>>> print(open('model-v7.txt').read())   # compact mmCIF, C-alpha atoms
# COMPACT_ATOMS: atom_id res chain seq x y z
CA MET K 1 -2.54 13.58 -24.99
CA GLN K 2 -5.80 11.78 -25.69
CA LYS K 3 -8.41 13.54 -23.56
CA GLU K 4 -11.49 11.53 -22.65
CA LEU K 5 -14.41 12.48 -20.49
CA ILE K 6 -14.96 9.69 -17.95
CA ASN K 7 -17.91 9.81 -15.60
CA VAL K 8 -16.43 8.19 -12.48
CA LYS K 9 -19.85 8.28 -10.83
CA ASN K 10 -20.87 5.50 -13.22
CA VAL K 11 -20.57 2.12 -11.46
CA TYR K 12 -18.70 0.66 -14.48
CA TYR K 13 -16.06 3.42 -14.51
CA PRO K 14 -14.29 3.68 -11.14
CA PRO K 15 -11.09 5.81 -11.27
CA GLY K 16 -8.64 3.77 -13.37
CA GLY K 17 -11.32 1.55 -14.90
CA ILE K 18 -13.25 -1.50 -13.77
CA LEU K 19 -10.59 -4.06 -14.83
CA ILE K 20 -7.87 -2.64 -12.58
CA TRP K 21 -10.36 -2.57 -9.69
CA ILE K 22 -11.20 -6.24 -10.21
CA ILE K 23 -7.45 -6.95 -10.01
CA ILE K 24 -7.12 -4.74 -6.91
CA PHE K 25 -9.91 -6.59 -5.10
CA LEU K 26 -8.49 -10.00 -6.09
CA GLU K 27 -5.07 -8.97 -4.76
CA LEU K 28 -6.53 -7.58 -1.54
CA PHE K 29 -8.51 -10.79 -1.00
CA THR K 30 -5.41 -12.93 -1.62
CA PHE K 31 -3.26 -10.98 0.86
CA GLY K 32 -6.18 -10.76 3.29
CA MET K 33 -6.63 -14.53 3.31
CA ALA K 34 -2.88 -15.05 3.76
CA LEU K 35 -2.91 -12.69 6.76
CA ILE K 36 -5.87 -14.57 8.26
CA ALA K 37 -3.88 -17.81 7.79
CA MET K 38 -0.88 -16.19 9.51
CA ILE K 39 -2.97 -15.23 12.56
CA PHE K 40 -4.50 -18.74 12.55
CA TYR K 41 -1.05 -20.42 12.64
CA SER K 42 0.18 -17.99 15.33
CA LYS K 43 -2.40 -19.53 17.69
CA ASP K 44 -0.41 -22.80 17.71
CA GLU K 45 2.98 -21.14 18.26
CA PRO K 46 2.40 -17.78 20.03
CA GLU K 47 5.90 -17.73 21.62
CA ILE K 48 7.69 -18.47 18.34
CA PHE K 49 5.67 -15.81 16.51
CA HIS K 50 6.37 -13.22 19.23
CA ASN K 51 10.10 -13.99 19.38
CA SER K 52 10.38 -14.05 15.60
CA ARG K 53 8.54 -10.73 15.31
CA LEU K 54 11.08 -9.20 17.71
CA LEU K 55 13.82 -10.16 15.23
CA LEU K 56 12.30 -7.78 12.65
CA ASN K 57 13.42 -4.16 12.42
CA THR K 58 10.29 -2.06 13.05
CA THR K 59 12.11 1.13 12.01
CA PHE K 60 12.84 -0.36 8.57
CA GLY K 61 9.15 -1.25 8.23
CA ALA K 62 7.98 2.22 9.31
CA VAL K 63 10.47 4.01 7.02
CA ASN K 64 9.34 1.81 4.12
CA THR K 65 5.73 2.80 4.89
CA VAL K 66 6.78 6.46 4.69
CA PHE K 67 8.53 5.80 1.35
CA LEU K 68 5.43 4.17 -0.13
CA LEU K 69 3.00 6.78 1.22
CA THR K 70 5.20 9.61 -0.08
CA SER K 71 5.46 7.84 -3.41
CA GLY K 72 1.65 7.49 -3.46
CA PHE K 73 1.29 11.23 -2.72
CA PHE K 74 3.45 12.10 -5.74
CA MET K 75 1.51 9.61 -7.87
CA ALA K 76 -1.76 11.35 -6.98
CA LYS K 77 -0.19 14.74 -7.81
CA SER K 78 1.07 13.31 -11.10
CA VAL K 79 -2.45 12.17 -12.11
CA ASP K 80 -3.77 15.65 -11.29
CA SER K 81 -1.05 17.28 -13.43
CA PHE K 82 -1.75 14.89 -16.31
CA ARG K 83 -5.45 15.87 -16.22
CA GLU K 84 -4.37 19.53 -16.46
CA ASN K 85 -2.24 18.55 -19.48
CA ASN K 86 0.91 19.73 -17.67
CA ILE K 87 3.33 17.10 -18.98
CA LYS K 88 6.41 18.74 -17.41
CA LYS K 89 4.93 18.54 -13.90
CA THR K 90 3.50 15.07 -14.57
CA ALA K 91 6.97 13.78 -15.48
CA LEU K 92 8.53 15.49 -12.45
CA PHE K 93 6.02 13.94 -10.02
CA LEU K 94 6.40 10.55 -11.73
CA ARG K 95 10.16 10.70 -11.14
CA TRP K 96 9.55 11.35 -7.42
CA THR K 97 7.03 8.49 -7.38
CA LEU K 98 9.59 6.15 -8.92
CA LEU K 99 12.26 7.33 -6.48
CA GLY K 100 9.97 6.34 -3.58
CA GLY K 101 9.53 2.90 -5.13
CA PHE K 102 13.28 2.44 -5.64
CA LEU K 103 14.04 3.56 -2.07
CA PHE K 104 11.51 1.03 -0.82
CA LEU K 105 13.25 -1.73 -2.78
CA VAL K 106 16.72 -0.65 -1.56
CA LEU K 107 15.66 -0.66 2.10
CA LYS K 108 13.84 -3.97 1.65
CA SER K 109 16.98 -5.46 0.08
CA VAL K 110 19.07 -4.26 3.05
CA GLU K 111 16.52 -5.83 5.41
CA TYR K 112 16.55 -9.11 3.45
CA TYR K 113 20.37 -9.11 3.45
CA PHE K 114 20.54 -8.88 7.27
CA LYS K 115 17.85 -11.54 7.64
CA ILE K 116 19.66 -13.99 5.36
CA GLU K 117 23.05 -13.22 6.97
CA ASN K 118 21.63 -14.04 10.41
CA GLY K 119 20.00 -17.24 9.13
CA TYR K 120 16.38 -16.05 9.40
CA THR K 121 15.42 -17.68 6.14
CA ILE K 122 12.05 -19.08 5.02
CA ASN K 123 12.68 -22.32 6.97
CA TYR K 124 13.65 -20.62 10.25
CA SER K 125 10.12 -20.61 11.70
CA THR K 126 6.47 -20.54 10.60
CA PHE K 127 6.50 -16.77 11.20
CA PHE K 128 9.43 -16.31 8.83
CA SER K 129 7.76 -18.54 6.22
CA PHE K 130 4.85 -16.08 6.18
CA TYR K 131 7.20 -13.08 6.41
CA TRP K 132 9.19 -14.14 3.34
CA MET K 133 6.20 -15.26 1.26
CA LEU K 134 4.07 -12.17 1.93
CA THR K 135 6.79 -9.53 1.73
CA LEU K 136 8.43 -11.09 -1.36
CA PHE K 137 5.05 -11.34 -3.10
CA HIS K 138 4.53 -7.66 -2.29
CA VAL K 139 8.02 -6.75 -3.55
CA ILE K 140 7.16 -8.46 -6.87
CA HIS K 141 4.11 -6.18 -7.11
CA VAL K 142 6.28 -3.11 -6.42
CA ILE K 143 8.71 -4.19 -9.17
CA VAL K 144 5.80 -4.71 -11.62
CA GLY K 145 4.44 -1.27 -10.57
CA ILE K 146 7.82 0.36 -11.27
CA VAL K 147 7.97 -1.27 -14.72
CA ILE K 148 4.43 0.01 -15.50
CA LEU K 149 5.28 3.54 -14.29
CA LEU K 150 8.53 3.55 -16.28
CA SER K 151 6.60 2.64 -19.44
CA VAL K 152 4.11 5.46 -18.69
CA TYR K 153 7.00 7.85 -18.01
CA PHE K 154 8.75 7.10 -21.29
CA GLY K 155 5.34 7.28 -23.04
CA ILE K 156 4.69 10.84 -21.87
CA LYS K 157 8.27 11.92 -22.65
CA LYS K 158 7.67 11.28 -26.36
CA PRO K 159 7.07 14.34 -28.60
CA ILE K 160 3.48 13.20 -29.27
CA VAL K 161 1.84 11.88 -26.10
CA ARG K 162 -0.56 9.04 -26.87
CA THR K 163 -1.14 7.98 -23.26
CA SER K 164 -4.83 8.24 -22.36
CA ILE K 165 -5.99 9.50 -18.97
CA GLU K 166 -7.64 6.12 -18.31
CA ASP K 167 -4.33 4.29 -18.89
CA PHE K 168 -2.56 6.77 -16.64
CA GLU K 169 -5.17 6.38 -13.90
CA ALA K 170 -5.05 2.58 -14.17
CA SER K 171 -1.25 2.63 -13.74
CA ALA K 172 -1.66 4.95 -10.75
CA ALA K 173 -4.32 2.65 -9.25
CA PHE K 174 -1.92 -0.32 -9.53
CA TRP K 175 0.79 1.70 -7.77
CA HIS K 176 -1.59 2.74 -4.99
CA MET K 177 -2.61 -0.91 -4.62
CA CYS K 178 1.00 -1.63 -3.56
CA ASP K 179 0.49 1.01 -0.81
CA LEU K 180 -2.78 -0.59 0.27
CA ILE K 181 -1.23 -4.06 0.52
CA TRP K 182 1.73 -2.73 2.50
CA LEU K 183 -0.65 -0.86 4.85
CA LEU K 184 -2.10 -4.29 5.73
CA LEU K 185 1.23 -6.16 5.87
CA PHE K 186 3.25 -3.68 7.95
CA PRO K 187 1.08 -3.54 11.12
CA ILE K 188 0.36 -7.26 11.16
CA ILE K 189 3.82 -8.66 10.39
CA TYR K 190 5.97 -6.02 12.13
CA LEU K 191 3.83 -4.90 15.07
CA LEU K 192 1.03 -7.26 16.03
CA PHE K 193 2.64 -10.44 17.39
CA MET W 1 -8.37 24.14 -0.92
CA LYS W 2 -8.11 21.21 -3.36
CA LYS W 3 -4.54 22.23 -4.13
CA TYR W 4 -3.36 21.14 -0.67
CA LEU W 5 -5.76 18.22 -0.15
CA PHE W 6 -3.24 15.51 -1.09
CA LEU W 7 -0.59 17.18 1.07
CA LYS W 8 -2.95 17.26 4.07
CA VAL W 9 -3.85 13.59 3.56
CA TRP W 10 -0.15 12.70 3.28
CA VAL W 11 0.67 14.53 6.55
CA VAL W 12 -2.18 12.68 8.33
CA LEU W 13 -0.99 9.34 6.91
CA ILE W 14 2.59 9.93 8.10
CA MET W 15 1.37 10.97 11.54
CA LEU W 16 -0.80 7.85 11.74
CA THR W 17 2.19 5.69 10.76
CA ILE W 18 4.30 7.20 13.55
CA THR W 19 1.41 6.79 16.02
CA THR W 20 0.95 3.14 15.01
CA THR W 21 4.64 2.42 15.63
CA LEU W 22 4.53 4.16 19.03
CA VAL W 23 1.34 2.35 20.05
CA SER W 24 2.98 -1.02 19.34
CA ASN W 25 5.61 -0.23 22.01
CA SER W 26 3.07 0.90 24.62
CA THR W 27 2.32 -0.98 27.83
CA LEU W 28 -1.38 -1.44 27.04
CA SER W 29 -2.91 -4.94 26.98
CA LYS W 30 -2.28 -7.07 23.87
CA THR W 31 -5.91 -6.91 22.72
CA ARG W 32 -6.08 -3.11 23.06
CA VAL W 33 -2.79 -2.70 21.20
CA ALA W 34 -4.08 -4.98 18.41
CA ILE W 35 -7.34 -3.02 18.11
CA LEU W 36 -5.47 0.31 18.08
CA ILE W 37 -2.88 -0.83 15.52
CA LEU W 38 -5.47 -2.30 13.17
CA GLY W 39 -7.88 0.62 13.71
CA LEU W 40 -5.21 3.16 12.76
CA SER W 41 -4.29 1.03 9.75
CA VAL W 42 -7.93 1.09 8.60
CA PHE W 43 -7.83 4.92 8.66
CA LYS W 44 -4.64 4.87 6.60
CA PHE W 45 -6.25 2.41 4.18
CA PHE W 46 -9.20 4.79 3.75
CA GLY W 47 -6.83 7.76 3.29
CA VAL W 48 -5.07 6.09 0.38
CA SER W 49 -8.14 4.53 -1.25
CA PHE W 50 -10.57 7.45 -0.90
CA TYR W 51 -8.18 10.34 -1.55
CA PHE W 52 -5.09 9.15 -3.45
CA MET W 53 -7.09 6.62 -5.50
CA GLU W 54 -10.02 9.05 -5.68
CA LEU W 55 -12.65 6.51 -4.66
CA LYS W 56 -14.35 9.46 -2.93
CA LYS W 57 -15.55 10.55 -6.37
CA ALA W 58 -16.55 7.04 -7.49
CA HIS W 59 -19.95 5.31 -7.47
CA ILE W 60 -21.15 4.32 -3.98
CA PHE W 61 -20.77 0.61 -4.89
CA TRP W 62 -16.97 0.94 -4.90
CA LYS W 63 -16.93 2.93 -1.67
CA ILE W 64 -19.07 0.36 0.11
CA SER W 65 -17.11 -2.58 -1.37
CA ILE W 66 -13.73 -1.31 -0.14
CA THR W 67 -15.19 -0.36 3.25
CA ILE W 68 -16.80 -3.79 3.73
CA PHE W 69 -13.54 -5.51 2.73
CA VAL W 70 -11.26 -3.65 5.13
CA VAL W 71 -13.71 -3.59 8.06
CA PHE W 72 -14.54 -7.29 7.61
CA LEU W 73 -10.85 -8.27 7.36
CA THR W 74 -9.71 -6.29 10.40
CA THR W 75 -12.68 -7.53 12.46
CA ILE W 76 -11.76 -11.15 11.65
CA LEU W 77 -8.11 -10.47 12.51
CA VAL W 78 -8.98 -8.82 15.85
CA LEU W 79 -11.42 -11.60 16.77
CA MET W 80 -8.87 -14.30 15.88
CA ARG W 81 -6.21 -12.58 18.03
>>> encode(input="model-v7.txt", output="structure tokens")
Amino acid sequence: MQKELINVKNVYYPPGGILIWIIIFLELFTFGMALIAMIFYSKDEPEIFHNSRLLLNTTFGAVNTVFLLTSGFFMAKSVDSFRENNIKKTALFLRWTLLGGFLFLVLKSVEYYFKIENGYTINYSTFFSFYWMLTLFHVIHVIVGIVILLSVYFGIKKPIVRTSIEDFEASAAFWHMCDLIWLLLFPIIYLLF
Amino acid sequence: MKKYLFLKVWVVLIMLTITTTLVSNSTLSKTRVAILILGLSVFKFFGVSFYFMELKKAHIFWKISITIFVVFLTTILVLMR
């Protein structure tokens, strides 16, 4: 493992590095603006938004939040273990992190299946246009996050670990960003209208 | 103490998630429900960003930036509701 001393108190070195944080803020702004647009459009069709929201399964949304938060918890533990140079524990926590991500995708797929089967597709209403665009865009981020974590996982499983702590932290920051986005999407799409 | 910090944060986040879901089904007025739901979500957002992402240890610029973003966004959303 390449050990580096990073002073996270330096403005140019937030945990994970400045580049990942620029990406995180860009993503948060993008989703934030889309959510503002969603609330703006709901003003024209409050009844349709309310009735469409009632067609969503809140339990699925809440359970998916639990999956992502639990996955984020294991990711944080994994970063801690990596800092302590405990590769065995790092790999174990990464596997739990990935499991949380996969469970999220499975439940989301089940939710999408029922929506499509009942005809609640992207053209069903303005609410469902936002629902599909925002949640699918988020799912793409989760898939990208899983691919990044898998590459980190196979990197640390090699006999000689070349993964740096900064790379590991950046991957973790991307994964946590998926949590942050979902923490904004879940209450607004599933509960607010 | 530090050993169980992430676990404590996780427990609080799960409890907040359950509370948010319960609040959404309450008989309070729409505006109050919206403020409560978004307020609880802001706490969850801080839990993940400050503890799991370790922004707590970062330079104050990053702490203020993320705080301004989430407070500004939720304020706009509540006002638009």
>>> interface_residues(input="model-v7.txt", of="chain K", to="chain W", cutoff="6 Å", atoms="all atoms listed in the file", output="list in words")
Val8, Lys9, Asn10, Val11, Pro14, Ala76 and Leu191 of chain K
>>> closest_residue(input="model-v7.txt", among="K:Asp44, K:Glu111, K:Asp179, K:Glu27", to="Trp132 (chain K)", atoms="only C-alpha atoms")
K:Glu111
>>> atom_distance(input="model-v7.txt", atom1="CA of Tyr113 (chain K)", atom2="CA of Ile48 (chain K)")
21.7 Å
>>> atom_distance(input="model-v7.txt", atom1="CA of Phe60 (chain K)", atom2="CA of Tyr190 (chain K)")
9.6 Å
>>> residues_around(input="model-v7.txt", residues="Gly101 (chain K)", least_positions_apart="4", cutoff="8 Å", atoms="all atoms listed in the file", output="list in words")
Phe67, Leu68, Ser71, Thr97, Leu105, Val142 and Ile146 of chain K
>>> write_last_selection(input="model-v7.txt", atoms="C-alpha atoms", output="PDB file, in the coordinates of the input")
ATOM      1  CA  PHE K  67       8.530   5.800   1.350  1.00  0.00           C
ATOM      2  CA  LEU K  68       5.430   4.170  -0.130  1.00  0.00           C
ATOM      3  CA  SER K  71       5.460   7.840  -3.410  1.00  0.00           C
ATOM      4  CA  THR K  97       7.030   8.490  -7.380  1.00  0.00           C
ATOM      5  CA  LEU K 105      13.250  -1.730  -2.780  1.00  0.00           C
ATOM      6  CA  VAL K 142       6.280  -3.110  -6.420  1.00  0.00           C
ATOM      7  CA  ILE K 146       7.820   0.360 -11.270  1.00  0.00           C
TER       8      ILE K 146
END
>>> closest_residue(input="model-v7.txt", among="W:Ile64, W:Val12, W:Leu28, W:Leu36", to="Thr70 (chain K)", atoms="all atoms listed in the file")
W:Val12
>>> residues_around(input="model-v7.txt", residues="Ala91 (chain K)", least_positions_apart="5", cutoff="12 Å", atoms="all atoms listed in the file", output="MDAnalysis selection string")
chainID K and resid 74:75 77:82 85:86 96:98 149:158 161 168
>>> atom_distance(input="model-v7.txt", atom1="CA of Asn123 (chain K)", atom2="CA of Val106 (chain K)")
23.6 Å
>>> closest_residue(input="model-v7.txt", among="K:Ile189, K:Val147, K:Leu92, K:Leu136", to="Ser52 (chain K)", atoms="only C-alpha atoms")
K:Ile189
>>> closest_residue(input="model-v7.txt", among="K:Thr163, K:Ser42, K:Thr30, K:Phe73", to="Leu94 (chain K)", atoms="all atoms listed in the file")
K:Phe73
>>> decode(input="model-v7.txt", residues="region 85-98 of chain K", atoms="all heavy atoms", output="mmCIF file, in the first residue's frame")
data_model
loop_
_atom_site.group_PDB
_atom_site.id
_atom_site.type_symbol
_atom_site.label_atom_id
_atom_site.label_comp_id
_atom_site.auth_asym_id
_atom_site.auth_seq_id
_atom_site.Cartn_x
_atom_site.Cartn_y
_atom_site.Cartn_z
ATOM 1 N N ASN K 85 -3.963 -0.016 7.379
ATOM 2 C CA ASN K 85 -3.252 -1.032 6.589
ATOM 3 C C ASN K 85 -3.784 -2.446 6.837
ATOM 4 O O ASN K 85 -3.061 -3.423 6.682
ATOM 5 C CB ASN K 85 -1.754 -0.972 6.888
ATOM 6 C CG ASN K 85 -0.934 -1.401 5.693
ATOM 7 O OD1 ASN K 85 -1.491 -1.694 4.631
ATOM 8 N ND2 ASN K 85 0.364 -1.444 5.845
ATOM 9 N N ASN K 86 -5.045 -2.546 7.259
ATOM 10 C CA ASN K 86 -5.667 -3.847 7.502
ATOM 11 C C ASN K 86 -6.469 -4.234 6.241
ATOM 12 O O ASN K 86 -7.651 -3.944 6.120
ATOM 13 C CB ASN K 86 -6.585 -3.752 8.722
ATOM 14 C CG ASN K 86 -7.089 -5.105 9.177
ATOM 15 O OD1 ASN K 86 -7.085 -6.063 8.414
ATOM 16 N ND2 ASN K 86 -7.515 -5.178 10.421
ATOM 17 N N ILE K 87 -5.765 -4.871 5.311
ATOM 18 C CA ILE K 87 -6.349 -5.172 3.996
ATOM 19 C C ILE K 87 -7.499 -6.177 4.115
ATOM 20 O O ILE K 87 -8.503 -6.071 3.412
ATOM 21 C CB ILE K 87 -5.262 -5.690 3.023
ATOM 22 C CG1 ILE K 87 -4.192 -4.603 2.801
ATOM 23 C CG2 ILE K 87 -5.859 -6.123 1.683
ATOM 24 C CD1 ILE K 87 -4.684 -3.320 2.174
ATOM 25 N N LYS K 88 -7.353 -7.133 5.043
ATOM 26 C CA LYS K 88 -8.381 -8.168 5.205
ATOM 27 C C LYS K 88 -9.730 -7.525 5.599
ATOM 28 O O LYS K 88 -10.771 -7.828 5.018
ATOM 29 C CB LYS K 88 -7.922 -9.166 6.277
ATOM 30 C CG LYS K 88 -8.509 -10.542 6.103
ATOM 31 C CD LYS K 88 -7.939 -11.495 7.129
ATOM 32 C CE LYS K 88 -8.780 -12.756 7.150
ATOM 33 N NZ LYS K 88 -8.400 -13.640 8.248
ATOM 34 N N LYS K 89 -9.668 -6.629 6.585
ATOM 35 C CA LYS K 89 -10.882 -5.950 7.035
ATOM 36 C C LYS K 89 -11.400 -4.997 5.951
ATOM 37 O O LYS K 89 -12.612 -4.877 5.750
ATOM 38 C CB LYS K 89 -10.592 -5.151 8.313
ATOM 39 C CG LYS K 89 -11.022 -5.844 9.579
ATOM 40 C CD LYS K 89 -10.960 -4.884 10.741
ATOM 41 C CE LYS K 89 -11.646 -5.450 11.949
ATOM 42 N NZ LYS K 89 -11.584 -4.526 13.080
ATOM 43 N N THR K 90 -10.476 -4.319 5.268
ATOM 44 C CA THR K 90 -10.865 -3.395 4.199
ATOM 45 C C THR K 90 -11.685 -4.136 3.146
ATOM 46 O O THR K 90 -12.744 -3.664 2.730
ATOM 47 C CB THR K 90 -9.611 -2.772 3.533
ATOM 48 O OG1 THR K 90 -8.794 -2.212 4.540
ATOM 49 C CG2 THR K 90 -9.975 -1.711 2.519
ATOM 50 N N ALA K 91 -11.173 -5.303 2.738
ATOM 51 C CA ALA K 91 -11.858 -6.102 1.710
ATOM 52 C C ALA K 91 -13.220 -6.576 2.206
ATOM 53 O O ALA K 91 -14.212 -6.546 1.466
ATOM 54 C CB ALA K 91 -10.987 -7.290 1.316
ATOM 55 N N LEU K 92 -13.272 -6.983 3.483
ATOM 56 C CA LEU K 92 -14.535 -7.458 4.066
ATOM 57 C C LEU K 92 -15.582 -6.334 4.047
ATOM 58 O O LEU K 92 -16.714 -6.527 3.592
ATOM 59 C CB LEU K 92 -14.309 -7.947 5.497
ATOM 60 C CG LEU K 92 -15.573 -8.330 6.274
ATOM 61 C CD1 LEU K 92 -16.158 -9.636 5.753
ATOM 62 C CD2 LEU K 92 -15.287 -8.446 7.765
ATOM 63 N N PHE K 93 -15.191 -5.151 4.531
ATOM 64 C CA PHE K 93 -16.131 -4.022 4.564
ATOM 65 C C PHE K 93 -16.531 -3.584 3.155
ATOM 66 O O PHE K 93 -17.665 -3.166 2.922
ATOM 67 C CB PHE K 93 -15.530 -2.845 5.337
ATOM 68 C CG PHE K 93 -15.470 -3.059 6.820
ATOM 69 C CD1 PHE K 93 -14.330 -2.757 7.545
ATOM 70 C CD2 PHE K 93 -16.570 -3.569 7.508
ATOM 71 C CE1 PHE K 93 -14.281 -2.957 8.917
ATOM 72 C CE2 PHE K 93 -16.525 -3.769 8.885
ATOM 73 C CZ PHE K 93 -15.374 -3.466 9.583
ATOM 74 N N LEU K 94 -15.579 -3.685 2.207
ATOM 75 C CA LEU K 94 -15.908 -3.338 0.814
ATOM 76 C C LEU K 94 -16.956 -4.281 0.244
ATOM 77 O O LEU K 94 -17.849 -3.871 -0.499
ATOM 78 C CB LEU K 94 -14.654 -3.379 -0.054
ATOM 79 C CG LEU K 94 -13.983 -2.043 -0.380
ATOM 80 C CD1 LEU K 94 -12.796 -2.256 -1.301
ATOM 81 C CD2 LEU K 94 -14.957 -1.058 -1.030
ATOM 82 N N ARG K 95 -16.855 -5.565 0.612
ATOM 83 C CA ARG K 95 -17.846 -6.541 0.131
ATOM 84 C C ARG K 95 -19.239 -6.191 0.667
ATOM 85 O O ARG K 95 -20.229 -6.257 -0.059
ATOM 86 C CB ARG K 95 -17.445 -7.964 0.560
ATOM 87 C CG ARG K 95 -16.352 -8.571 -0.292
ATOM 88 C CD ARG K 95 -16.309 -10.079 -0.146
ATOM 89 N NE ARG K 95 -15.898 -10.507 1.177
ATOM 90 C CZ ARG K 95 -14.628 -10.668 1.571
ATOM 91 N NH1 ARG K 95 -13.654 -10.442 0.726
ATOM 92 N NH2 ARG K 95 -14.336 -11.060 2.790
ATOM 93 N N TRP K 96 -19.311 -5.793 1.947
ATOM 94 C CA TRP K 96 -20.599 -5.388 2.526
ATOM 95 C C TRP K 96 -21.119 -4.119 1.853
ATOM 96 O O TRP K 96 -22.321 -3.982 1.625
ATOM 97 C CB TRP K 96 -20.461 -5.168 4.040
ATOM 98 C CG TRP K 96 -20.421 -6.448 4.811
ATOM 99 C CD1 TRP K 96 -19.317 -7.023 5.367
ATOM 100 C CD2 TRP K 96 -21.514 -7.336 5.077
ATOM 101 N NE1 TRP K 96 -19.662 -8.205 5.981
ATOM 102 C CE2 TRP K 96 -21.000 -8.422 5.821
ATOM 103 C CE3 TRP K 96 -22.873 -7.312 4.761
ATOM 104 C CZ2 TRP K 96 -21.803 -9.472 6.244
ATOM 105 C CZ3 TRP K 96 -23.675 -8.362 5.203
ATOM 106 C CH2 TRP K 96 -23.142 -9.426 5.927
ATOM 107 N N THR K 97 -20.189 -3.207 1.542
ATOM 108 C CA THR K 97 -20.570 -1.967 0.843
ATOM 109 C C THR K 97 -21.203 -2.304 -0.502
ATOM 110 O O THR K 97 -22.264 -1.792 -0.859
ATOM 111 C CB THR K 97 -19.323 -1.078 0.618
ATOM 112 O OG1 THR K 97 -18.668 -0.884 1.857
ATOM 113 C CG2 THR K 97 -19.692 0.260 0.009
ATOM 114 N N LEU K 98 -20.508 -3.195 -1.235
ATOM 115 C CA LEU K 98 -21.007 -3.587 -2.559
ATOM 116 C C LEU K 98 -22.352 -4.305 -2.462
ATOM 117 O O LEU K 98 -23.238 -4.087 -3.300
ATOM 118 C CB LEU K 98 -19.976 -4.478 -3.262
ATOM 119 C CG LEU K 98 -18.752 -3.722 -3.812
ATOM 120 C CD1 LEU K 98 -17.599 -4.673 -4.076
ATOM 121 C CD2 LEU K 98 -19.128 -2.975 -5.086
#
